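Asks: Here it is, the structure, as structure tokens.
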Amino acid sequence: MRRRLTAAAFLVLIVAAQPASAQDRQWTERIWIGVGGGVQLAGNAFDDAFELPLYTETERVTVDYPSKSGPVFDVRGGYRVWKRLTIGAGVTRYSQRADARVEAQLPHPFFDNQFREVEGETSTLRAETTAHLLLGWMLPLSDRMRLVLTAGPSFMNVEQTLVTDVKYSETYPYDTAEFTGASTRRSSRSATGFNAGADFSWMFSNRIGAGALVQIARARARLSPGEGRSITVDAGGVQFGGGLRLFF
Amino acid sequence: MSRWRKASMLACLTAAIGVTWTPVPSAQAPRGRSGVAEFAAGSLPDLRQWDPIAESMLRSGELRVRQVRQDTQFTGRRVQRADQYYRGVRVFGADISRQMDDKGVVLSMFGHIYTGIEISPDPTVTADAVRTAVTELAALEQAADNQPELVVLPIDDGATFRLAWRMRAVTDRMDIVQYFMDAQTGAVLRQYSDRQTQSTVGRAVGVLGDSKKISVSGGAGSFTARDVLRPPLVETDDMKGDPIRTLNYLDGRIALGPNDIAADTDNNWTDGAVNDAHVYAGYTYDYYFKRFGRQGLDNNNIRIRSLVNPVRRTAQDVALYFNLFPDFFVNAFYAGNGVMVYGVGLPSGFTLGGQSWNHLAGALDIVAHELTHGVTDYSSGLIYRNESGALNEAFSDIIGTSVEFFFQPAGSGDLRADYLCGEDVVKPGGLRSMENPQVFGDPDHYSRRFLGMADNGGVHINSGIVNQAFYLAVESGTNRTSNLAVQGVGSANREQMEKVFYRAFTQMLPSNANFSLARAATIQAARDLYGAASNAERAVTQAWTAVGVN
């Protein structure tokens, strides 16, 4: 993860290191808008372990939530308030399903200290809806190429399917049990983080162009699987995307 | 009477007697208005208006008497229950109950009747198709006599009705589910669990103070010793120190009811006798199932019922009842039909034969011993006298000991597996020794067998000879009388000898078998299971020879 962050920051720096001619170019438009999609890289895997009472003993459950790259939809825009400085906002939506690995030790209904091991997978959803405040610096690289560097705080709503118990089937004599699924609940929490990114545009005309975006947005949310427990998870990540760019 | 008139009258009457009437909101016309009449007619005016309608419906077949029972709380009164039918099809959940005096005069009436049913009573989907579908849903083959019933199913309190097949099915998850399938389309209209006993697991303290799990039923402050997690119903009844009631039950004069089932309010069970009888009965069932694939005493999951506390374990009850009912104190016995009775032992300070006696249900081998009498009863039926009786007793001792070794670590002392019988509750030493029967005065060799009439021809005495043979066939050793050495299969292979004796005693022996026949049967069983000239055959042959049985 750290390597990805470093690479993204390096990319932003390279793109931002403009020749003097670019610095001298004028940027006449006041408003810029970007609409597009892309992908958010994996990097937020986490795990959970909890216990539940069962048959007068303790059922132990561990869950590994994988992280998968997934599609991102992004809308953003800004208003040039002074020279090349813009203030803007954006919304990013990431949603991806992944199979969480569930393992449990189930006590035997008749005998103490005789646990049945079950394991399986259950589909979980991770969705992140992020509102970004964007403080930007506009860099016209050439007549057709433009770059907007942005950074600012992000307000992220993290939604995650969390496993709350294991479903299983068992039949007499109950010496084994079979995983049939998991009980889950949808936990949703908001968190504040940050964003930093670079948006490169290739203009087809004076106002319309195609853009490529690299951005990192991070936050840390405390989710609640119930029973008074909480799980702290990382959210966001490195996003690559492209789409339509408009300048007015 | 037409449906319209009846619906109108129902509406009028229910209004008149203050009952609720729930028509379909959108249905305005009286004819065909769907709804449910819920009535509680207890006064004479109410009954005068309602009863003629009920009588009319009974005459027309729209109500059909399902049951007439005597009112157990009022002599002479009876309770009649009738179901509503629509064009020959029962309306699910629509019935009335009429309380009558001895002359047939209706005294009160309660129930639900649906009106405005207008559906075809002819199903498109066949009963066979429903059985197949339900079998798939339940993931368990249903009994051949479990047939679906065609019913009219009220939807939304009678707002609409569907012709449905109802089938109650046991599922692979041991649930009992009511399925309602649309008789025209086959779609599942409704399903719910109909298992009216909720299984639960609690904690129990045994006679010896040990903590264990107990499988019971109930919830919310009322738990009963009914184990429904195992295939047979395993039930334990607390006779609450009432020997007369216990005797009356055993004599068939009374039946036990729900109040006799041992109960607990918080699922932390503290009556050791109840707990051990209940838990150990389950263990014994488990042993038979896991070791031999046997399903209970009759191999058909007959109910296992244990009776505990037939007397109180007090000096007063000893004085009152010991001479009358000694078995309720210092014995445990199989009473037939899956019923076991466990004595309470003797109160502190009392001894018998120099030994103290705790609750007999507190010993796993004793519980397994008694249940094994049931297995014998349903298999070989070994006659309980002379040598066949001794074989009967010995088989119970053998299985009792085997169950101990199955569940408890080997060793000496409480809750340890050994070759003593009942040593956990009859102290010191227990009741019998398989390793050295002579310790208790029992013969370890055929030449020493008891030939008197007492004890049904020495069934608890001569069992020592067979017990010794089993012990030697497992553990090896030398018989103290014959001085013949036996090379057993070894404790690690005890299972082999358990299977040999189980096979011989449940599948081969006739009811009047003698020791010699038992020898031949066990040798044959060893050959069947482990081959001719196998270690098992050698061990069992040497063992019988060592105890003088040829």
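Residue names in the structure tokens use chain letters A, B, ... in the order shown, residue numbers from 1 in each chain, and ligand numbers from 1 in the order shown.
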Could you pull the residues within 10 Å of segment 314-319 of chain B, counting only C-alpha atoms, minus those fewer than 4 positions along the same chain, as a VMD selection string?

Replies: chain B and resid 241 243 323 to 326 328 to 329 344 to 350

Asks: Sorted by chain and rising residue number, which residues of chain A lie within 7 Å of chain B, and what are their closest atom pairs and distances in Å to one decimal, counting only C-alpha atoms, as a tab-separated table?

Replies:
```
residue	atom	partner	partner_atom	distance
A:Tyr55	CA	B:Val201	CA	5.4
A:Thr56	CA	B:Gly202	CA	6.4
A:Pro109	CA	B:Val201	CA	6.6
A:Phe110	CA	B:Lys213	CA	5.7
A:Phe111	CA	B:Lys213	CA	6.3
A:Ser169	CA	B:Arg173	CA	6.6
A:Glu170	CA	B:Arg173	CA	6.8
A:Thr171	CA	B:Arg173	CA	6.4
A:Tyr172	CA	B:Arg230	CA	6.3
```

Asks: Near Trp137 of chain A, counting only C-alpha atoms, which residues have an atom at most 8 Å away, once you skip same-chain residues fewer than 6 positions from it, shown as a VMD selection string?

Replies: chain A and resid 84 to 86 148 to 150

Asks: Please produce a file of the residues just selected, as a tab-separated table (two decimals), in the first residue's frame, where the atoms kept are C-alpha atoms.

Replies:
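part28.tsv, freshly written:
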```tsv
chain	number	residue	atom	x	y	z
A	84	ARG	CA	-4.57	29.90	-11.29
A	85	LEU	CA	-6.04	29.01	-7.95
A	86	THR	CA	-9.36	27.19	-8.06
A	148	VAL	CA	-5.13	20.75	-12.61
A	149	LEU	CA	-3.48	19.78	-9.37
A	150	THR	CA	-5.89	19.39	-6.49
```

Asks: According to DSSP computed on the backbone, where in segment 416-482 of chain B is there alpha helix (DSSP H)? Give the residues as a list in words.

Replies: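 Alpha helix (DSSP H) members of segment 416-482 of chain B, listed: Ala454, Asp455, Asn456, Gly457, Gly458, Ser463, Gly464, Ile465, Val466, Asn467, Gln468, Ala469, Phe470, Tyr471, Leu472, Ala473, Val474 and Glu475 of chain B.
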
Asks: So that I can check the surroundings of Thr232 of chain A, please list as a PyMOL selection string every protein, DNA and RNA residue that reaches within 10 Å of it, counting only C-alpha atoms and ignoring chain neighbours fewer than 2 positions away.

Replies: chain A and resi 46-48+220-224+230+234-235

Asks: I'd like the contact shell of segment 436-452 of chain B - 8 Å cut-off, only C-alpha atoms, skipping same-chain residues fewer than 4 positions apart - returned as a compact mmCIF listing (two decimals) with N, CA and C atoms, in the first residue's frame.

Replies:
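This is the output file part-v4.txt:
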```txt
# COMPACT_ATOMS: atom_id res chain seq x y z
N LEU B 431 -20.47 -52.24 42.41
CA LEU B 431 -21.37 -53.38 42.54
C LEU B 431 -20.76 -54.68 42.03
N ARG B 432 -20.00 -54.59 40.98
CA ARG B 432 -19.41 -55.78 40.38
C ARG B 432 -18.08 -55.40 39.76
N GLY B 457 -31.95 -67.34 39.58
CA GLY B 457 -30.96 -68.32 39.13
C GLY B 457 -29.59 -67.68 38.96
N GLY B 458 -29.37 -66.61 39.74
CA GLY B 458 -28.05 -66.00 39.76
C GLY B 458 -27.71 -65.14 38.56
N ILE B 461 -25.16 -62.84 39.43
CA ILE B 461 -24.00 -63.54 40.00
C ILE B 461 -23.19 -64.19 38.87
N ASN B 462 -23.86 -65.01 38.11
CA ASN B 462 -23.16 -65.73 37.04
C ASN B 462 -22.77 -64.82 35.87
N GLY B 464 -20.84 -62.66 36.19
CA GLY B 464 -19.41 -62.46 36.41
C GLY B 464 -18.56 -63.31 35.47
N ILE B 465 -19.05 -64.51 35.14
CA ILE B 465 -18.28 -65.39 34.26
C ILE B 465 -18.15 -64.77 32.87
N VAL B 466 -19.24 -64.25 32.36
CA VAL B 466 -19.24 -63.64 31.02
C VAL B 466 -18.46 -62.32 31.06
N ASN B 467 -18.66 -61.59 32.14
CA ASN B 467 -17.93 -60.32 32.27
C ASN B 467 -16.42 -60.57 32.25
N GLN B 468 -16.02 -61.62 32.96
CA GLN B 468 -14.60 -61.95 32.99
C GLN B 468 -14.10 -62.32 31.59
N ASN B 479 -7.02 -66.08 34.03
CA ASN B 479 -8.18 -66.34 34.88
C ASN B 479 -7.71 -66.94 36.20
N ARG B 480 -8.22 -66.38 37.29
CA ARG B 480 -7.73 -66.78 38.61
C ARG B 480 -8.12 -68.20 38.99
N THR B 481 -9.15 -68.72 38.41
CA THR B 481 -9.56 -70.08 38.75
C THR B 481 -8.86 -71.11 37.87
N SER B 482 -8.89 -70.89 36.57
CA SER B 482 -8.31 -71.88 35.65
C SER B 482 -6.81 -71.69 35.44
N ALA B 546 -10.85 -69.88 29.01
CA ALA B 546 -10.26 -69.54 30.31
C ALA B 546 -11.31 -69.48 31.41
N VAL B 547 -12.55 -69.07 31.06
CA VAL B 547 -13.60 -69.02 32.09
C VAL B 547 -14.41 -70.31 32.14
N GLY B 548 -13.92 -71.33 31.44
CA GLY B 548 -14.51 -72.67 31.56
C GLY B 548 -15.75 -72.89 30.72
N VAL B 549 -15.99 -72.04 29.76
CA VAL B 549 -17.16 -72.22 28.89
C VAL B 549 -16.67 -72.76 27.55
```

Asks: Can you work out which one of B:Ile304, B:Ala187, B:Val134, B:Val89 has the shortest atom-to-atom distance to Ala277 of chain B, counting only C-alpha atoms?

Replies: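 Of the candidates, the smallest distance to Ala277 of chain B is held by B:Ile304.
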
Asks: Go through segment 223-396 of chain B and collect every residue that DSSP, computed from the backbone, puts in strand (DSSP E); the answer should be as a list in words.

Replies: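 Everything in segment 223-396 of chain B that counts as strand (DSSP E) is Phe223, Thr224, Arg226, Asp227, Val234, Glu235, Thr236, Asp237, Asp238, Ala263, Asp264, Asn268, Trp269, Ile304, Arg305, Ser306, Leu307, Val308, Ala332, Phe333, Tyr334, Ala335, Gly336, Val339, Met340, Val341, Tyr342, Ser356 and Trp357 of chain B.
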
Asks: Applying 9 Å and only C-alpha atoms, which residues near Glu57 of chain A remain after dropping the ones on its own chain fewer than 6 positions away? List them as a PyMOL selection string.

Replies: chain A and resi 106-108+112-113

Asks: With C-alpha atoms retained, could you export that selection as a CSV table (one decimal), in the first residue's frame?

Replies:
```
chain,number,residue,atom,x,y,z
A,106,LEU,CA,-18.7,-24.2,16.7
A,107,PRO,CA,-19.2,-25.9,20.1
A,108,HIS,CA,-20.9,-29.3,20.1
A,112,ASP,CA,-17.8,-29.5,26.1
A,113,ASN,CA,-14.6,-28.7,24.3
```

Asks: Using only C-alpha atoms, which residues sit within 12 Å of Leu135 of chain A once same-chain residues fewer than 5 positions away are excluded, as a VMD selection string?

Replies: chain A and resid 76 to 82 84 to 90 148 to 154 194 to 198

Asks: Between atom CA of Ser142 of chain A and atom CA of Met203 of chain A, measure the distance and give it in Å to one decimal.

Replies: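 Atom-to-atom, atom CA of Ser142 of chain A to atom CA of Met203 of chain A, that is 9.8 Å.
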
Asks: What gap, in Å, lies between atom CA of Asp156 of chain B and atom CA of Arg168 of chain B?

Replies: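 Going from atom CA of Asp156 of chain B over to atom CA of Arg168 of chain B, I get 21.2 Å.
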
Asks: How far is it from atom CA of Asp260 of chain B to atom CA of Met239 of chain B, in Å with one decimal?

Replies: 6.5 Å
